[in-house]
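Peer 1: First the structure, which I've put down as structure tokens, then a few questions once you've had a look.
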Amino acid sequence: MIKDRETILIIDFGAQYIQLIARRVREANVYSEIHSHKITLEEVKRINPVGIILSGGPMSIYDDGAPNINHEILKLGIPVLGICYGLQLICKAFEGEVEPAKNREYGKAVLGISEKSKLFNNVIDNSIVWMSHGDYVTKLPQGFKVIAKSDHSPICAISNEQKNISGVQFHPEVLHTQEGTKIIHNFLFDICKCKGDWTPHNFIDQNIAAIKNTSGNSKVICALSGGVDSTVAAVLVKKAIGDNLICVHIDTGLMRKDESKKIGKLFEEKLNLNHIHIDASEKFLKKLAGVTDPEKKRKIIGNTFIEVFEEEAKKHDDVKFLVQGTLYPDVIESTSFKGASVTIKTHHNVGGLPEKMNLKLIEPFRELFKDEVRNVGRELNIPEEFIERHPFPGPGLAVRILGEITKEKLDILREADDIFINEIKDANLYNKIWQAFAVLLPIQSVGVMGDFRTYDNVLALRAVTSVDGMTADWFRFDNDFLANLSSKIINKVRGVNRVVYDISSKPPSTIEWE
Ligand code: XMP
């Protein structure tokens, strides 16, 4: 969508750290894009990158079916940095040799700089680098020099300054590599001559122009869930096209305590987002009655959402576009080396609508990571308290009530969840936790309250730390905090007589229970 943007092209050979490479480049205010190694020469020319990074990968370059690229890409005169497998690929392309190492090198190594180079300009000698490889370079490719070695890799980094091609055996993108940031900066600014002008401010300016250009005078519709992505997207689109944006908020009845009311107020008073509020809670509850299968619940919610939204959209003439808060990890998932993975859970969004209603998509964040969307939100003056909100799943509390959903269960869960989150905020832990919530289990247990026997629900609490939700660890609360919390919930919430804390990581568990 954005023309003539300074771009670093990252070519993926199946690296575990691929997103990390993209982030390190972007943290230096240079836009980066990840593409599969199957990218064609024409596509590279079209992107017109200022530099190319070849990623690591799990295979050996001599393996059957080892990923390769069109070697013409390396001859375009665009600066190249190869990392691990990327270095070995450069060797293969320029007649060097790579062999399996006798001692595989995983973890720490010391980088001995052996010759001056742009890549290692001002990099301290004998710094710690992070290795993860089973092959190493045994013969230098033609026209290259060795610029660093390590104990087990006599050819640990190479460069050809005429061709502007360098390669390193270690991983500069991981934080354990002490001088990693400097090395990446040297590549970006000394070798590729980047300007480093990719900031939230410029992103907003460029996207406002692009959105105006795309939508013309047509109407654009947006489903405001109250989540960070859709809200920031709506504020941005509103800035671009003003009243041509129609915002719709659907209260599914599956939201947290007072949530629909609170976000409505925020939209109107702080964000100048007037919107159509639809209370569809009864419809959702009716359709969910008697359903216990998690995937069925998700599908019903997704379809009902589309139905309600479509009904509203039809009332407005001239709607041609739908705003979606799609993020970059969703895009990479379908285009990178690994390809689409199996569906663990069907994610709910307004997918399906665009084809049905013949709407085109406006997805301003297709190229951003979550934390970058947050920075754009800050630049758009969205209150910090909102920006830092924990993620909340589209199907809402429906995936946190195991078994059948009823109004009564929803009310119990809303009360308990509210106490949990408030206690976390009071203890100043909210921003240390990636996501926290309560789950109502379909189990009753015996308790004693005063002189009475109770037979009530069990509530599970879940709090995790994570970077992107792909992996997660359970948060270590202080025991006294948990003890207090448990008695507060049991005393205040009628219908709960037992609280348990979830101590599973992801994998093998998931964050949500359904
Ligand atoms: P899981 O449970 O798969 O969740 O480990 C990872 C993250 O995704 C959120 N999540 C969803 N978000 N629609 C969403 O928009 C969904 O259907 C959905 N399911 C899970 C979950 O809350 C966690 O942050």
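Each chain in the structure tokens gets a letter, A, B, ..., in the order shown, and its residues are numbered from 1; ligands are numbered from 1 in order too.
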Which parts of stretch 92-261 of chain A does DSSP call alpha helix (DSSP H) when run on the backbone here, written out as a ChimeraX atom specification?

Peer 2: /A:92-93,180-185,200-215,228-241,259-261

Peer 1: Can I get the residues of stretch 132-241 of chain A within 7 Å of stretch 102-122 of chain A, each with the closest pair of atoms and their distance in Å to one decimal, using only C-alpha atoms, sorted chain first then ascending number, as a Markdown table?

Peer 2:
```
| residue | atom | partner | partner_atom | distance |
| --- | --- | --- | --- | --- |
| A:Ser132 | CA | A:Tyr106 | CA | 4.4 |
| A:His133 | CA | A:Glu105 | CA | 5.7 |
| A:Gly134 | CA | A:Arg104 | CA | 4.7 |
| A:Ile147 | CA | A:Glu115 | CA | 4.7 |
| A:Ala148 | CA | A:Ile113 | CA | 4.2 |
| A:Lys149 | CA | A:Gly112 | CA | 5.2 |
| A:Ser150 | CA | A:Leu111 | CA | 5.2 |
| A:Ile183 | CA | A:Leu119 | CA | 6.0 |
| A:Asn186 | CA | A:Leu119 | CA | 5.4 |
| A:Phe187 | CA | A:Leu119 | CA | 5.8 |
| A:Asp190 | CA | A:Lys118 | CA | 6.7 |
| A:Ile191 | CA | A:Lys118 | CA | 6.9 |
```

Peer 1: Would you put the residues from that selection into a file with C-alpha atoms, as a PDB file, in the first residue's frame?

Peer 2:
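selection_38.pdb was written with the following content:
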```
ATOM      1  CA  SER A 132      23.077 -22.477  17.060  1.00  0.00           C
ATOM      2  CA  HIS A 133      24.432 -24.557  14.196  1.00  0.00           C
ATOM      3  CA  GLY A 134      25.681 -27.946  13.112  1.00  0.00           C
ATOM      4  CA  ILE A 147      36.418 -10.896   9.466  1.00  0.00           C
ATOM      5  CA  ALA A 148      35.917 -12.922  12.666  1.00  0.00           C
ATOM      6  CA  LYS A 149      36.476 -16.358  14.156  1.00  0.00           C
ATOM      7  CA  SER A 150      35.327 -18.309  17.204  1.00  0.00           C
ATOM      8  CA  ILE A 183      26.074  -5.219  14.298  1.00  0.00           C
ATOM      9  CA  ASN A 186      26.111  -1.223  11.231  1.00  0.00           C
ATOM     10  CA  PHE A 187      24.442  -3.277   8.526  1.00  0.00           C
ATOM     11  CA  ASP A 190      26.780   1.986   7.409  1.00  0.00           C
ATOM     12  CA  ILE A 191      26.235  -0.643   4.749  1.00  0.00           C
TER      13      ILE A 191
END
```

Peer 1: Can you tell me, as a list in words, what residues are no more than 8 Å from A:Val235 when counting only C-alpha atoms, ignoring any on the same chain fewer than 2 positions away?

Peer 2: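 Residues meeting the cut-off are Thr231, Val232, Ala233, Val237, Lys238, Lys239, Leu271, Leu273 and Leu380 of chain A.
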
Peer 1: Mind writing the picked residues with C-alpha atoms as a compact mmCIF listing (two decimals), in the first residue's frame?

Peer 2:
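Generated output (result.txt):
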```txt
# COMPACT_ATOMS: atom_id res chain seq x y z
CA THR A 231 -9.91 0.65 18.25
CA VAL A 232 -6.55 1.99 17.06
CA ALA A 233 -7.50 1.05 13.49
CA VAL A 237 -9.27 5.53 9.66
CA LYS A 238 -11.44 8.22 11.24
CA LYS A 239 -8.51 10.63 11.02
CA LEU A 271 -11.74 9.19 20.98
CA LEU A 273 -15.69 7.84 17.67
CA LEU A 380 -2.80 8.95 18.26
```

Peer 1: Just give me the gap between atom CA of A:Asn244 and atom CA of A:Ile208 in Å, one decimal is fine.

Peer 2: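 So the answer is 13.6 Å.
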
Peer 1: Can you pull out every residue with an atom within 6 Å of ligand 1? Use only C-alpha atoms and all ligand atoms and format it as a ChimeraX atom specification.

Peer 2: /A:347-348,391-395,469,510-512

Peer 1: Have a look at atom CA of A:Asp478 and atom CA of A:Val493 and let me know their distance in Å, one decimal.

Peer 2: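 Computing it gives 22.3 Å between the two atoms.
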
Peer 1: Compile the contact shell of A:His185 as a list in words: residues with an atom at most 12 Å away, counting only C-alpha atoms, same-chain residues fewer than 6 positions apart removed.

Peer 2: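 The contact residues come out as Arg24, Val25, Arg26, Glu27, Ala28, Asn29, Val30, Leu81, Lys118, Leu119, Phe120, Asn121, Asn122, Val123, Pro172, Glu173, Glu179, Ile191, Cys192, Lys193, Cys194, Lys195 and Gly196 of chain A.
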
Peer 1: Measuring atom to atom with only C-alpha atoms, identify which of A:Val137, A:Ile83, A:Ala398, A:Ile10 is nearest to A:His35.

Peer 2: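 Under the stated criterion, the closest residue is A:Ile10.
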
Peer 1: Within 9 Å of A:Val464, counting only C-alpha atoms, which residues qualify if same-chain residues fewer than 4 places away don't, as a PyMOL selection string?

Peer 2: chain A and resi 433-436+472-476+505+511

Peer 1: For N, CA and C atoms, I'd like the residues from the last selection saved as a PDB file, in the first residue's frame.

Peer 2:
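Contents of the output file out06.pdb:
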```pdb
ATOM      1  N   ILE A 433       1.838  -8.639  33.937  1.00  0.00           N
ATOM      2  CA  ILE A 433       1.160  -9.861  33.480  1.00  0.00           C
ATOM      3  C   ILE A 433       0.667  -9.622  32.061  1.00  0.00           C
ATOM      4  N   TRP A 434       0.818 -10.618  31.187  1.00  0.00           N
ATOM      5  CA  TRP A 434       0.405 -10.428  29.796  1.00  0.00           C
ATOM      6  C   TRP A 434      -1.098 -10.548  29.657  1.00  0.00           C
ATOM      7  N   GLN A 435      -1.661 -11.513  30.401  1.00  0.00           N
ATOM      8  CA  GLN A 435      -3.114 -11.715  30.344  1.00  0.00           C
ATOM      9  C   GLN A 435      -3.558 -12.422  31.625  1.00  0.00           C
ATOM     10  N   ALA A 436      -4.662 -11.952  32.195  1.00  0.00           N
ATOM     11  CA  ALA A 436      -5.197 -12.598  33.404  1.00  0.00           C
ATOM     12  C   ALA A 436      -6.709 -12.647  33.300  1.00  0.00           C
ATOM     13  N   ALA A 472       3.691 -19.183  26.503  1.00  0.00           N
ATOM     14  CA  ALA A 472       3.364 -18.448  27.731  1.00  0.00           C
ATOM     15  C   ALA A 472       3.784 -19.254  28.951  1.00  0.00           C
ATOM     16  N   ASP A 473       4.036 -18.544  30.035  1.00  0.00           N
ATOM     17  CA  ASP A 473       4.344 -19.205  31.294  1.00  0.00           C
ATOM     18  C   ASP A 473       3.381 -18.672  32.341  1.00  0.00           C
ATOM     19  N   TRP A 474       3.074 -19.478  33.367  1.00  0.00           N
ATOM     20  CA  TRP A 474       2.138 -18.996  34.384  1.00  0.00           C
ATOM     21  C   TRP A 474       2.830 -18.014  35.308  1.00  0.00           C
ATOM     22  N   PHE A 475       2.087 -17.022  35.733  1.00  0.00           N
ATOM     23  CA  PHE A 475       2.664 -15.956  36.557  1.00  0.00           C
ATOM     24  C   PHE A 475       2.785 -16.428  38.000  1.00  0.00           C
ATOM     25  N   ARG A 476       3.962 -16.145  38.608  1.00  0.00           N
ATOM     26  CA  ARG A 476       4.190 -16.540  40.007  1.00  0.00           C
ATOM     27  C   ARG A 476       3.680 -15.452  40.937  1.00  0.00           C
ATOM     28  N   SER A 505       1.901 -24.174  31.491  1.00  0.00           N
ATOM     29  CA  SER A 505       2.495 -23.259  30.517  1.00  0.00           C
ATOM     30  C   SER A 505       1.935 -23.589  29.134  1.00  0.00           C
ATOM     31  N   ILE A 511      -3.548 -20.759  26.385  1.00  0.00           N
ATOM     32  CA  ILE A 511      -3.810 -19.727  27.396  1.00  0.00           C
ATOM     33  C   ILE A 511      -5.270 -19.825  27.848  1.00  0.00           C
TER      34      ILE A 511
END
```

Peer 1: Within 12 Å of A:Tyr17, counting only C-alpha atoms, which residues show up once you throw out same-chain ones fewer than 4 positions away? Write them as a list in words, please.

Peer 2: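 Near A:Tyr17, the qualifying residues are Ile10, Asp12, Phe13, Ile21, Ala22, Arg23, Arg24, Ile34, Leu54, Ser55, Gly56, Gly57, Pro58, Ile83, Cys84, Ser132, His171, Pro172, Glu173, Val174 and Leu175 of chain A.
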
Peer 1: May I ask for the distance between atom CA of A:Cys156 and atom CA of A:Thr138, given in Å to one decimal place?

Peer 2: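 Spanning atom CA of A:Cys156 to atom CA of A:Thr138 is a straight-line distance of 10.0 Å.
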
Peer 1: Within 8 Å of A:Tyr328, counting only C-alpha atoms, which residues show up once you throw out same-chain ones fewer than 6 positions away? Write them as a VMD selection string, please.

Peer 2: chain A and resid 365 to 369

Peer 1: For the residues selected in the previous step, produce a file with all heavy atoms as a PDB file, in the first residue's frame.

Peer 2:
```pdb
ATOM      1  N   PHE A 365      -2.986  -2.478   9.747  1.00  0.00           N
ATOM      2  CA  PHE A 365      -1.926  -3.052  10.580  1.00  0.00           C
ATOM      3  C   PHE A 365      -1.420  -4.397  10.084  1.00  0.00           C
ATOM      4  O   PHE A 365      -0.785  -5.138  10.822  1.00  0.00           O
ATOM      5  CB  PHE A 365      -2.405  -3.175  12.037  1.00  0.00           C
ATOM      6  CG  PHE A 365      -2.883  -1.873  12.604  1.00  0.00           C
ATOM      7  CD1 PHE A 365      -3.946  -1.832  13.488  1.00  0.00           C
ATOM      8  CD2 PHE A 365      -2.280  -0.682  12.234  1.00  0.00           C
ATOM      9  CE1 PHE A 365      -4.399  -0.623  13.993  1.00  0.00           C
ATOM     10  CE2 PHE A 365      -2.727   0.535  12.727  1.00  0.00           C
ATOM     11  CZ  PHE A 365      -3.788   0.566  13.612  1.00  0.00           C
ATOM     12  N   ARG A 366      -1.716  -4.711   8.838  1.00  0.00           N
ATOM     13  CA  ARG A 366      -1.229  -5.960   8.249  1.00  0.00           C
ATOM     14  C   ARG A 366       0.273  -6.102   8.355  1.00  0.00           C
ATOM     15  O   ARG A 366       0.825  -7.174   8.214  1.00  0.00           O
ATOM     16  CB  ARG A 366      -1.554  -5.965   6.744  1.00  0.00           C
ATOM     17  CG  ARG A 366      -2.834  -6.596   6.356  1.00  0.00           C
ATOM     18  CD  ARG A 366      -2.953  -6.571   4.858  1.00  0.00           C
ATOM     19  NE  ARG A 366      -2.161  -7.630   4.243  1.00  0.00           N
ATOM     20  CZ  ARG A 366      -2.539  -8.890   4.175  1.00  0.00           C
ATOM     21  NH1 ARG A 366      -3.691  -9.250   4.674  1.00  0.00           N
ATOM     22  NH2 ARG A 366      -1.785  -9.801   3.599  1.00  0.00           N
ATOM     23  N   GLU A 367       0.946  -4.952   8.509  1.00  0.00           N
ATOM     24  CA  GLU A 367       2.410  -4.987   8.518  1.00  0.00           C
ATOM     25  C   GLU A 367       2.983  -4.764   9.912  1.00  0.00           C
ATOM     26  O   GLU A 367       4.186  -4.622  10.064  1.00  0.00           O
ATOM     27  CB  GLU A 367       2.933  -3.887   7.584  1.00  0.00           C
ATOM     28  CG  GLU A 367       2.512  -4.108   6.147  1.00  0.00           C
ATOM     29  CD  GLU A 367       2.669  -2.869   5.299  1.00  0.00           C
ATOM     30  OE1 GLU A 367       2.710  -1.773   5.867  1.00  0.00           O
ATOM     31  OE2 GLU A 367       2.739  -3.008   4.072  1.00  0.00           O
ATOM     32  N   LEU A 368       2.124  -4.717  10.935  1.00  0.00           N
ATOM     33  CA  LEU A 368       2.629  -4.376  12.271  1.00  0.00           C
ATOM     34  C   LEU A 368       2.517  -5.519  13.276  1.00  0.00           C
ATOM     35  O   LEU A 368       1.612  -6.336  13.212  1.00  0.00           O
ATOM     36  CB  LEU A 368       1.866  -3.176  12.853  1.00  0.00           C
ATOM     37  CG  LEU A 368       1.907  -1.844  12.112  1.00  0.00           C
ATOM     38  CD1 LEU A 368       1.387  -0.743  13.028  1.00  0.00           C
ATOM     39  CD2 LEU A 368       3.297  -1.486  11.636  1.00  0.00           C
ATOM     40  N   PHE A 369       3.459  -5.509  14.238  1.00  0.00           N
ATOM     41  CA  PHE A 369       3.345  -6.379  15.397  1.00  0.00           C
ATOM     42  C   PHE A 369       2.493  -5.649  16.441  1.00  0.00           C
ATOM     43  O   PHE A 369       2.366  -4.426  16.392  1.00  0.00           O
ATOM     44  CB  PHE A 369       4.738  -6.661  15.983  1.00  0.00           C
ATOM     45  CG  PHE A 369       5.594  -7.513  15.097  1.00  0.00           C
ATOM     46  CD1 PHE A 369       6.664  -6.976  14.393  1.00  0.00           C
ATOM     47  CD2 PHE A 369       5.341  -8.871  14.976  1.00  0.00           C
ATOM     48  CE1 PHE A 369       7.453  -7.767  13.578  1.00  0.00           C
ATOM     49  CE2 PHE A 369       6.133  -9.669  14.157  1.00  0.00           C
ATOM     50  CZ  PHE A 369       7.186  -9.124  13.461  1.00  0.00           C
TER      51      PHE A 369
END
```
